[in-house]
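Shown below: model21.txt, with compact mmCIF, C-alpha atoms.
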# COMPACT_ATOMS: atom_id res chain seq x y z
CA MET A 1 119.19 9.92 61.68
CA ASP A 2 122.36 10.96 59.86
CA VAL A 3 124.32 12.90 62.51
CA ASN A 4 126.83 14.29 60.01
CA ARG A 5 124.05 15.70 57.82
CA VAL A 6 122.36 17.28 60.85
CA LYS A 7 125.65 18.75 62.06
CA HIS A 8 126.20 20.32 58.63
CA VAL A 9 122.72 21.87 58.72
CA LEU A 10 123.33 23.34 62.17
CA ILE A 11 126.73 24.77 61.28
CA VAL A 12 125.07 26.56 58.36
CA ALA A 13 122.43 27.81 60.77
CA CYS A 14 124.85 29.12 63.37
CA ILE A 15 126.71 31.11 60.70
CA PHE A 16 123.46 33.03 60.27
CA PHE A 17 123.52 34.27 63.85
CA SER A 18 126.87 35.95 63.23
CA THR A 19 125.76 37.71 60.07
CA GLY A 20 122.85 39.86 61.09
CA LEU A 21 124.60 41.10 64.19
CA GLN A 22 127.58 43.04 62.95
CA ALA A 23 127.60 46.58 64.32
CA GLY A 24 130.23 47.70 61.82
CA GLY A 25 128.34 45.80 59.16
CA PHE A 26 124.58 45.95 59.51
CA ALA A 27 123.69 47.27 62.92
CA ASN A 28 121.33 50.10 62.08
CA LYS A 29 122.44 53.63 62.75
CA GLU A 30 119.40 54.84 60.80
CA ARG A 31 117.35 56.20 63.71
CA SER A 32 117.37 59.90 62.81
CA THR A 33 116.95 61.64 59.45
CA THR A 34 118.70 64.80 60.62
CA ALA A 35 121.66 62.79 61.95
CA GLN A 36 121.94 60.79 58.72
CA GLY A 37 122.27 64.02 56.73
CA MET A 38 125.59 64.55 58.54
CA SER A 39 126.70 60.87 58.39
CA PHE A 40 125.74 60.58 62.08
CA SER A 41 128.38 63.05 63.20
CA GLY A 42 127.47 64.72 66.48
CA VAL A 43 124.88 62.12 67.52
CA SER A 44 126.48 61.80 70.96
CA ALA A 45 126.38 65.59 71.37
CA GLY A 46 122.61 65.84 70.94
CA ALA A 47 123.13 68.12 67.98
CA GLY A 48 119.59 67.91 66.60
CA ASP A 49 116.03 67.00 67.54
CA VAL A 50 114.58 64.46 69.98
CA SER A 51 115.54 61.57 67.67
CA TYR A 52 119.13 62.00 68.92
CA ALA A 53 117.95 60.54 72.25
CA LEU A 54 117.87 57.14 70.49
CA PHE A 55 121.67 57.38 70.51
CA ASN A 56 122.29 59.37 73.71
CA PRO A 57 119.41 59.56 76.22
CA ALA A 58 120.90 62.77 77.67
CA ALA A 59 119.78 64.48 74.43
CA LEU A 60 116.27 64.54 75.94
CA SER A 61 117.49 67.57 77.92
CA GLU A 62 117.12 69.63 74.72
CA VAL A 63 113.33 69.11 74.70
CA GLU A 64 111.59 72.35 75.71
CA ASP A 65 108.11 70.96 76.43
CA ARG A 66 106.97 67.99 74.35
CA GLU A 67 108.54 66.79 71.11
CA LEU A 68 107.85 63.91 68.72
CA ALA A 69 110.07 62.72 65.84
CA GLY A 70 109.51 59.93 63.33
CA THR A 71 111.74 58.52 60.59
CA PHE A 72 111.16 56.26 57.59
CA THR A 73 114.25 54.90 55.83
CA LEU A 74 114.94 52.71 52.81
CA VAL A 75 118.25 50.84 52.63
CA VAL A 76 118.97 49.92 49.00
CA PRO A 77 122.07 47.71 48.56
CA ASP A 78 123.39 47.47 45.00
CA TRP A 79 125.85 44.60 45.35
CA GLU A 80 127.03 42.03 42.86
CA ALA A 81 128.62 38.72 43.84
CA THR A 82 130.94 37.02 41.33
CA ALA A 83 132.35 33.53 41.85
CA ARG A 84 135.94 33.16 40.68
CA PHE A 85 135.44 29.48 39.90
CA ASN A 86 132.95 29.88 37.06
CA GLY A 87 132.19 33.62 36.80
CA GLN A 88 128.62 33.11 38.02
CA THR A 89 127.03 36.29 39.38
CA ASP A 90 124.17 37.08 41.73
CA THR A 91 122.72 40.19 43.40
CA PRO A 92 122.08 39.33 47.07
CA GLY A 93 121.08 42.80 48.28
CA VAL A 94 117.39 43.33 49.15
CA THR A 95 115.78 46.74 49.69
CA THR A 96 114.84 47.00 53.37
CA PRO A 97 112.53 49.55 55.08
CA LEU A 98 113.32 50.82 58.58
CA THR A 99 111.27 53.00 60.90
CA SER A 100 111.90 54.74 64.21
CA ALA A 101 110.22 57.21 66.55
CA ALA A 102 111.17 59.18 69.66
CA TYR A 103 109.06 61.17 72.11
CA GLY A 104 110.23 63.48 74.88
CA HIS A 105 108.14 65.12 77.62
CA ARG A 106 109.52 67.66 80.10
CA ILE A 107 107.97 66.89 83.49
CA SER A 108 109.92 69.47 85.49
CA GLU A 109 112.50 72.18 85.01
CA GLY A 110 115.37 69.70 85.16
CA THR A 111 113.82 66.36 84.14
CA VAL A 112 112.66 64.99 80.79
CA VAL A 113 111.27 61.50 80.21
CA GLY A 114 110.94 59.83 76.85
CA LEU A 115 110.12 56.74 74.86
CA GLY A 116 111.90 55.41 71.78
CA LEU A 117 111.07 52.82 69.15
CA TYR A 118 113.71 51.73 66.65
CA VAL A 119 115.30 48.83 64.76
CA PRO A 120 118.78 48.18 66.21
CA PHE A 121 119.59 45.42 63.70
CA GLY A 122 118.03 44.62 60.35
CA LEU A 123 119.17 42.83 57.24
CA VAL A 124 117.94 40.85 54.27
CA THR A 125 120.24 39.09 51.79
CA GLU A 126 118.98 36.55 49.30
CA TYR A 127 120.70 34.41 46.65
CA GLU A 128 119.27 32.25 43.92
CA SER A 129 119.03 28.59 44.97
CA ASP A 130 121.33 27.59 42.11
CA PHE A 131 124.08 30.08 43.05
CA ILE A 132 127.43 28.43 43.73
CA GLY A 133 127.36 29.73 47.32
CA ALA A 134 123.84 28.49 48.15
CA PHE A 135 125.25 25.94 50.62
CA ASP A 136 126.52 28.88 52.69
CA GLY A 137 123.09 30.48 52.62
CA ILE A 138 120.14 31.45 50.45
CA LEU A 139 117.94 33.76 52.53
CA SER A 140 119.17 35.63 55.62
CA GLU A 141 116.58 37.84 57.25
CA LEU A 142 116.86 39.49 60.64
CA TYR A 143 114.15 41.67 62.11
CA THR A 144 114.60 43.39 65.47
CA LEU A 145 112.53 45.99 67.29
CA ALA A 146 113.56 47.90 70.42
CA LEU A 147 111.23 49.72 72.82
CA SER A 148 113.24 52.10 74.97
CA PRO A 149 112.05 54.14 77.99
CA MET A 150 114.46 57.02 78.69
CA VAL A 151 115.11 59.79 81.19
CA SER A 152 117.40 62.83 81.32
CA ILE A 153 118.24 64.90 84.40
CA ASP A 154 120.02 68.27 84.55
CA PHE A 155 122.70 68.01 87.25
CA THR A 156 123.88 71.57 86.64
CA PRO A 157 122.86 74.29 84.14
CA ASN A 158 125.65 72.97 81.87
CA LEU A 159 125.57 69.20 82.51
CA SER A 160 122.83 66.68 81.77
CA VAL A 161 122.91 62.92 82.33
CA GLY A 162 120.57 60.38 80.75
CA ALA A 163 119.78 56.67 80.99
CA ALA A 164 117.75 54.25 78.88
CA MET A 165 116.69 50.63 78.86
CA ALA A 166 115.89 48.80 75.61
CA ILE A 167 113.57 45.80 75.40
CA ILE A 168 114.56 44.13 72.13
CA TYR A 169 112.61 41.61 70.09
CA ASN A 170 114.78 39.47 67.79
CA ASP A 171 113.29 37.44 64.92
CA PRO A 172 115.83 35.74 62.61
CA GLN A 173 114.77 33.69 59.58
CA LEU A 174 117.18 31.55 57.57
CA THR A 175 117.19 29.25 54.58
CA GLY A 176 120.15 27.49 53.02
CA ALA A 177 120.94 24.58 50.73
CA ALA A 178 121.78 21.31 52.50
CA GLY A 179 122.00 19.01 49.50
CA ILE A 180 120.36 17.81 46.31
CA ASN A 181 117.73 15.08 46.22
CA PRO A 182 119.17 12.47 43.81
CA ASN A 183 115.68 11.20 43.04
CA THR A 184 114.23 14.54 41.93
CA GLY A 185 117.25 16.78 41.37
CA GLU A 186 115.74 19.51 43.56
CA VAL A 187 117.80 21.61 45.98
CA LEU A 188 116.96 20.69 49.57
CA GLU A 189 116.56 23.86 51.61
CA VAL A 190 116.92 23.92 55.39
CA LYS A 191 115.04 26.56 57.37
CA LEU A 192 115.56 28.12 60.77
CA ASN A 193 112.87 29.98 62.72
CA ALA A 194 113.66 31.57 66.08
CA SER A 195 112.57 34.54 68.15
CA GLU A 196 113.23 35.92 71.63
CA PHE A 197 113.41 39.06 73.80
CA GLU A 198 116.59 40.58 75.24
CA TYR A 199 117.50 43.73 77.20
CA SER A 200 120.23 46.32 77.06
CA TRP A 201 121.12 49.54 78.88
CA ALA A 202 122.57 52.88 77.80
CA MET A 203 123.85 55.97 79.60
CA GLY A 204 125.05 59.32 78.33
CA PHE A 205 125.91 62.89 79.16
CA LEU A 206 125.78 66.34 77.54
CA TRP A 207 128.19 69.04 78.69
CA ASP A 208 127.90 72.60 77.43
CA MET A 209 131.57 73.53 77.55
CA SER A 210 130.79 77.05 76.37
CA GLU A 211 127.98 78.95 74.68
CA THR A 212 129.12 77.58 71.32
CA THR A 213 130.51 74.10 72.09
CA THR A 214 128.80 70.96 73.43
CA LEU A 215 130.52 67.67 74.24
CA GLY A 216 128.53 64.46 74.60
CA GLY A 217 129.31 60.86 75.43
CA ARG A 218 127.36 57.61 75.54
CA ILE A 219 127.85 53.97 76.43
CA ASP A 220 125.65 51.04 75.37
CA THR A 221 126.10 47.76 77.20
CA GLY A 222 125.12 45.61 74.23
CA TYR A 223 123.35 42.37 75.06
CA ASP A 224 123.74 38.62 75.11
CA ILE A 225 121.45 36.43 73.04
CA THR A 226 120.48 32.91 74.01
CA THR A 227 117.75 31.80 71.67
CA GLY A 228 116.12 28.54 70.76
CA GLY A 229 114.91 27.78 67.27
CA ILE A 230 113.36 25.08 65.12
CA LEU A 231 115.48 23.73 62.30
CA SER A 232 113.53 22.16 59.45
CA ALA A 233 115.92 19.76 57.72
CA PHE A 234 116.12 16.29 56.15
CA ASP A 235 117.29 12.88 57.30
CA GLN A 236 119.46 10.43 55.35
CA ASN A 237 116.39 9.32 53.38
CA PHE A 238 115.57 12.95 52.44
CA ALA A 239 112.47 12.91 54.64
CA PRO A 240 111.67 16.18 56.51
CA ILE A 241 112.69 16.38 60.17
CA GLU A 242 112.55 19.12 62.82
CA LEU A 243 115.18 19.63 65.53
CA PHE A 244 115.50 22.12 68.37
CA GLY A 245 118.77 24.04 68.73
CA GLU A 246 119.94 26.73 71.14
CA ALA A 247 122.42 29.44 70.11
CA SER A 248 124.38 31.81 72.38
CA ILE A 249 126.32 34.90 71.33
CA ASN A 250 127.65 38.04 73.05
CA LEU A 251 127.14 41.46 71.50
CA PRO A 252 129.71 44.09 72.48
CA LEU A 253 129.76 47.24 74.49
CA THR A 254 129.77 50.44 72.38
CA ILE A 255 131.18 53.83 73.40
CA GLY A 256 130.58 57.06 71.49
CA LEU A 257 131.94 60.59 71.89
CA GLY A 258 130.65 63.57 69.92
CA MET A 259 131.08 67.32 69.68
CA GLN A 260 129.01 70.19 68.31
CA HIS A 261 130.61 73.58 67.69
CA GLN A 262 128.72 76.64 66.47
CA VAL A 263 131.12 78.57 64.25
CA SER A 264 128.66 81.34 63.47
CA GLU A 265 124.96 82.07 63.67
CA LYS A 266 124.44 80.03 60.50
CA LEU A 267 127.18 77.37 60.55
CA THR A 268 127.63 74.47 62.99
CA LEU A 269 130.32 71.76 62.82
CA ASN A 270 129.89 68.25 64.24
CA ALA A 271 132.24 65.34 64.92
CA GLU A 272 131.83 61.79 66.19
CA VAL A 273 133.99 58.81 67.14
CA GLU A 274 132.63 55.41 68.17
CA TYR A 275 134.32 52.28 69.48
CA ALA A 276 132.85 48.77 69.66
CA ASN A 277 134.77 45.94 71.37
CA TRP A 278 133.71 43.27 68.89
CA ALA A 279 136.72 41.12 69.81
CA GLU A 280 134.64 39.73 72.70
CA PHE A 281 132.34 38.18 70.08
CA ASP A 282 134.74 35.28 69.66
CA GLU A 283 132.34 32.34 69.47
CA ILE A 284 128.86 31.34 68.40
CA ARG A 285 127.82 28.42 70.56
CA VAL A 286 125.07 26.22 69.13
CA ASP A 287 123.84 23.28 71.22
CA VAL A 288 121.54 20.58 69.86
CA ALA A 289 120.42 18.00 72.39
CA ALA A 290 119.63 15.46 69.65
CA LEU A 291 123.34 15.17 68.89
CA GLY A 292 124.18 13.95 72.39
CA ALA A 293 127.92 14.14 73.06
CA ASN A 294 128.39 16.12 69.84
CA SER A 295 125.79 18.71 70.83
CA ASN A 296 128.05 21.78 70.40
CA VAL A 297 128.42 22.65 66.71
CA GLY A 298 129.46 26.28 67.22
CA GLU A 299 131.73 28.53 65.19
CA VAL A 300 134.79 30.66 65.92
CA THR A 301 134.07 34.13 64.50
CA ASN A 302 137.50 35.84 64.27
CA TYR A 303 136.05 39.31 64.91
CA LYS A 304 138.08 42.39 65.82
CA ASP A 305 137.29 45.68 67.52
CA SER A 306 135.97 48.39 65.19
CA MET A 307 135.92 52.19 65.01
CA PHE A 308 133.61 54.75 63.40
CA PHE A 309 134.69 58.33 62.59
CA ALA A 310 132.43 61.07 61.24
CA ALA A 311 132.48 64.81 60.55
CA GLY A 312 129.66 66.98 59.30
CA LEU A 313 128.22 70.46 59.06
CA GLU A 314 124.86 72.14 59.33
CA TYR A 315 124.11 75.42 57.57
CA SER A 316 121.03 77.56 58.18
CA LYS A 317 120.38 78.99 54.74
CA SER A 318 117.23 80.76 55.95
CA ASP A 319 114.77 80.67 58.84
CA ALA A 320 112.92 77.86 57.03
CA LEU A 321 115.71 75.85 55.37
CA THR A 322 118.67 74.08 57.00
CA LEU A 323 121.23 72.19 54.88
CA ARG A 324 123.47 69.33 56.06
CA ALA A 325 126.42 67.30 54.79
CA GLY A 326 128.71 64.68 56.31
CA LEU A 327 131.50 62.20 55.71
CA ALA A 328 132.29 59.06 57.75
CA TYR A 329 134.65 56.10 57.80
CA ASP A 330 133.16 52.91 59.24
CA GLU A 331 135.38 49.92 60.04
CA THR A 332 134.02 46.39 59.79
CA PRO A 333 134.60 43.92 62.64
CA THR A 334 134.92 41.07 60.13
CA GLN A 335 138.21 39.85 58.69
CA ASP A 336 139.09 38.07 55.45
CA ASP A 337 139.48 34.83 57.39
CA GLY A 338 135.93 34.03 58.43
CA ARG A 339 133.80 36.55 56.50
CA SER A 340 130.41 35.07 55.56
CA SER A 341 128.51 35.35 52.29
CA ARG A 342 125.36 36.08 54.26
CA VAL A 343 126.81 39.51 55.09
CA PRO A 344 129.67 40.34 52.70
CA ASP A 345 130.81 43.20 54.90
CA ALA A 346 133.85 45.46 54.51
CA ASP A 347 135.20 48.84 55.59
CA ARG A 348 133.06 51.60 54.17
CA VAL A 349 132.84 55.34 53.55
CA TRP A 350 129.64 57.32 54.11
CA ILE A 351 128.90 60.39 51.95
CA SER A 352 125.70 62.09 53.11
CA SER A 353 123.57 65.16 52.57
CA GLY A 354 120.21 66.34 53.86
CA PHE A 355 117.96 69.23 54.74
CA SER A 356 115.16 70.32 57.06
CA TYR A 357 112.27 72.54 56.02
CA GLN A 358 110.38 74.36 58.76
CA LYS A 359 106.83 73.95 57.49
CA SER A 360 105.31 75.81 60.43
CA GLU A 361 106.26 77.01 63.88
CA ASN A 362 105.80 73.49 65.25
CA LEU A 363 106.39 71.16 62.30
CA SER A 364 109.59 70.47 60.34
CA ILE A 365 110.13 68.05 57.45
CA ASP A 366 113.53 66.33 57.13
CA ALA A 367 115.20 64.40 54.31
CA ALA A 368 118.58 62.73 53.88
CA TYR A 369 120.54 60.62 51.40
CA SER A 370 123.70 58.58 51.96
CA LEU A 371 125.95 56.84 49.47
CA ILE A 372 127.88 53.95 51.06
CA LEU A 373 131.10 52.93 49.30
CA PHE A 374 132.56 49.56 50.34
CA ASP A 375 136.14 48.36 50.16
CA ASP A 376 135.17 45.47 47.85
CA PRO A 377 135.33 42.33 50.01
CA GLU A 378 135.94 38.71 49.16
CA VAL A 379 134.36 35.68 50.79
CA THR A 380 135.65 32.10 50.91
CA LEU A 381 132.77 29.62 50.72
CA LEU A 382 132.67 27.22 53.66
CA ASN A 383 130.18 24.52 52.74
CA GLY A 384 129.03 22.28 49.91
CA PRO A 385 130.86 21.10 46.79
CA ALA A 386 132.21 24.61 46.13
CA ALA A 387 133.85 24.98 49.57
CA GLY A 388 137.06 26.97 49.25
CA THR A 389 135.84 28.98 46.24
CA LYS A 390 136.39 32.74 46.39
CA VAL A 391 133.45 35.08 45.75
CA ASP A 392 134.15 38.76 45.02
CA TYR A 393 131.64 41.47 45.95
CA SER A 394 131.33 44.95 44.50
CA GLY A 395 128.86 47.81 44.44
CA PRO A 396 127.58 50.54 46.77
CA ALA A 397 124.50 50.92 48.95
CA HIS A 398 122.04 53.81 49.01
CA ILE A 399 120.09 55.04 52.03
CA VAL A 400 117.14 57.43 51.68
CA SER A 401 115.34 58.82 54.71
CA ILE A 402 112.35 61.07 55.39
CA GLY A 403 111.48 62.39 58.83
CA LEU A 404 108.94 64.57 60.63
CA ASN A 405 109.46 66.51 63.83
CA TYR A 406 106.67 68.13 65.84
CA ARG A 407 107.10 70.36 68.88
CA PHE A 408 103.96 70.75 70.99

As structure tokens, how would this structure be written, given the file I've shared?
Amino acid sequence: MDVNRVKHVLIVACIFFSTGLQAGGFANKERSTTAQGMSFSGVSAGAGDVSYALFNPAALSEVEDRELAGTFTLVVPDWEATARFNGQTDTPGVTTPLTSAAYGHRISEGTVVGLGLYVPFGLVTEYESDFIGAFDGILSELYTLALSPMVSIDFTPNLSVGAAMAIIYNDPQLTGAAGINPNTGEVLEVKLNASEFEYSWAMGFLWDMSETTTLGGRIDTGYDITTGGILSAFDQNFAPIELFGEASINLPLTIGLGMQHQVSEKLTLNAEVEYANWAEFDEIRVDVAALGANSNVGEVTNYKDSMFFAAGLEYSKSDALTLRAGLAYDETPTQDDGRSSRVPDADRVWISSGFSYQKSENLSIDAAYSLILFDDPEVTLLNGPAAGTKVDYSGPAHIVSIGLNYRF
């Protein structure tokens, strides 16, 4: 077995684990249609329906009896990658559907329990196998699903505290080019399959500072991933082989603070700030027993802490129609030195709008659209014959969401 070839395959694989897990990059905020319409401003302040409990479990305190919300979202990236070396272009963005649901049930005057289902992380990028950066990755697909029991308790008439636990299923899939078969000329693709369950915790509060102003805060512990996967690769004779590898990474703690202020009977303003200590994500450790003394083929990630700022408004045009708009600035935790082509992430601006239509006394229909403008990033290829080549990325992303809310 060619140890150097296997080490190269595993280094490509471990880069994947860093790409789908960037909270500033592609952690999914898309858990609430009403919140998206305001660029997720006020999510910590429980400014909307029961779907806000997927951000701050204390938002369950706003449920009067029983309430159910569901969201369907399409993320449509419109990126173009251009290699400086030869001008070759590719479009790695793939349209990705996301769904979420939240249910709240008041069991007593001061206690509400709930259950949430959402996708905390999700991403698909795909390049053509003949793209100059194929040795850094062809397909990167991450699917996660979180099931979250929640509870909120009213400590005083003006203060509610909530807690939640998330059971998270992680299923990453990866392909990348490892070489070219000199006998056939075909690109040899390596594949990684892995899946595992992890857990995280969240706590939050809602404080009605006055009849018109609510302050909310939340903290999410993040979670550590230690997952084993099967790497389908090739030996020095280009014959297929399978190896077991184990990867370990640490996802950061996140803190959010939000405010909702009712200016008038019709107009409400919202604000949000979020901090994630991504600097603790300083290493991806990948251990492969088959490599013996050289079993650790991990990567240094060079991440930094990131911030998210958002402001938005909600206007009740009539008893049936509510309009929303929002603006946000979202920092990336990645830096120029170490950014991967699997997630060509950069600082971004959110421009959002949305509305809710009260179809009946119990049922409302929600819709939202967001335009995401990126600070065009560049990526330096790490592997293969084109290592060191710069690839420039440009283009926005579009997010469309439809939601339903039913109050029993």

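Proximity of A:Arg31, A:Asp336, A:Ala83, A:Arg66 to Pro97 in chain A, computed with all atoms listed in the file, is greatest for A:Arg31.
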
Give me the range 75-185 of chain A side of the contact with range 238-257 of chain A, cut-off 10 Å, one line per residue showing its nearest atom pair and distance in Å at one decimal, counting only C-alpha atoms, sorted by chain and residue number, as CSV.
residue,atom,partner,partner_atom,distance
A:Gly179,CA,A:Phe238,CA,9.3
A:Ile180,CA,A:Phe238,CA,9.2
A:Asn181,CA,A:Phe238,CA,6.9
A:Pro182,CA,A:Phe238,CA,9.4
A:Asn183,CA,A:Phe238,CA,9.6

Restricted to C-alpha atoms, what would the selected residues look like written as a PDB file, keeping the file's coordinate frame?
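The result, written out as selection.pdb:
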ATOM      1  CA  GLY A 179     122.000  19.010  49.500  1.00  0.00           C
ATOM      2  CA  ILE A 180     120.360  17.810  46.310  1.00  0.00           C
ATOM      3  CA  ASN A 181     117.730  15.080  46.220  1.00  0.00           C
ATOM      4  CA  PRO A 182     119.170  12.470  43.810  1.00  0.00           C
ATOM      5  CA  ASN A 183     115.680  11.200  43.040  1.00  0.00           C
TER       6      ASN A 183
END

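With CA of Asn237 in chain A on one side and CA of Ile138 in chain A on the other, the separation reads 22.6 Å.
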
Nearest residue to Ala134 in chain A out of A:Asn405, A:Thr91, A:Ser210, A:Ser341, using only C-alpha atoms?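 For Ala134 in chain A, the nearest of the candidates is A:Ser341.
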
Counting all atoms listed in the file, write as an NGL selection string all protein and nucleic acid residues lying at most 10 Å from (111.4, 45.2, 71.1) in the file's frame. :A and (117-120 or 144-148 or 166-170 or 196-199)

Which one is closest to Met38 in chain A: A:Asp130, A:Glu272, A:Glu64, A:Asp78? Count only C-alpha atoms.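 For Met38 in chain A, the nearest of the candidates is A:Glu272.
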
If I take CA of Phe374 in chain A and CA of Asp392 in chain A, how far is one from the other in Å, to one decimal?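 According to the coordinates, CA of Phe374 in chain A and CA of Asp392 in chain A are separated by 12.1 Å.
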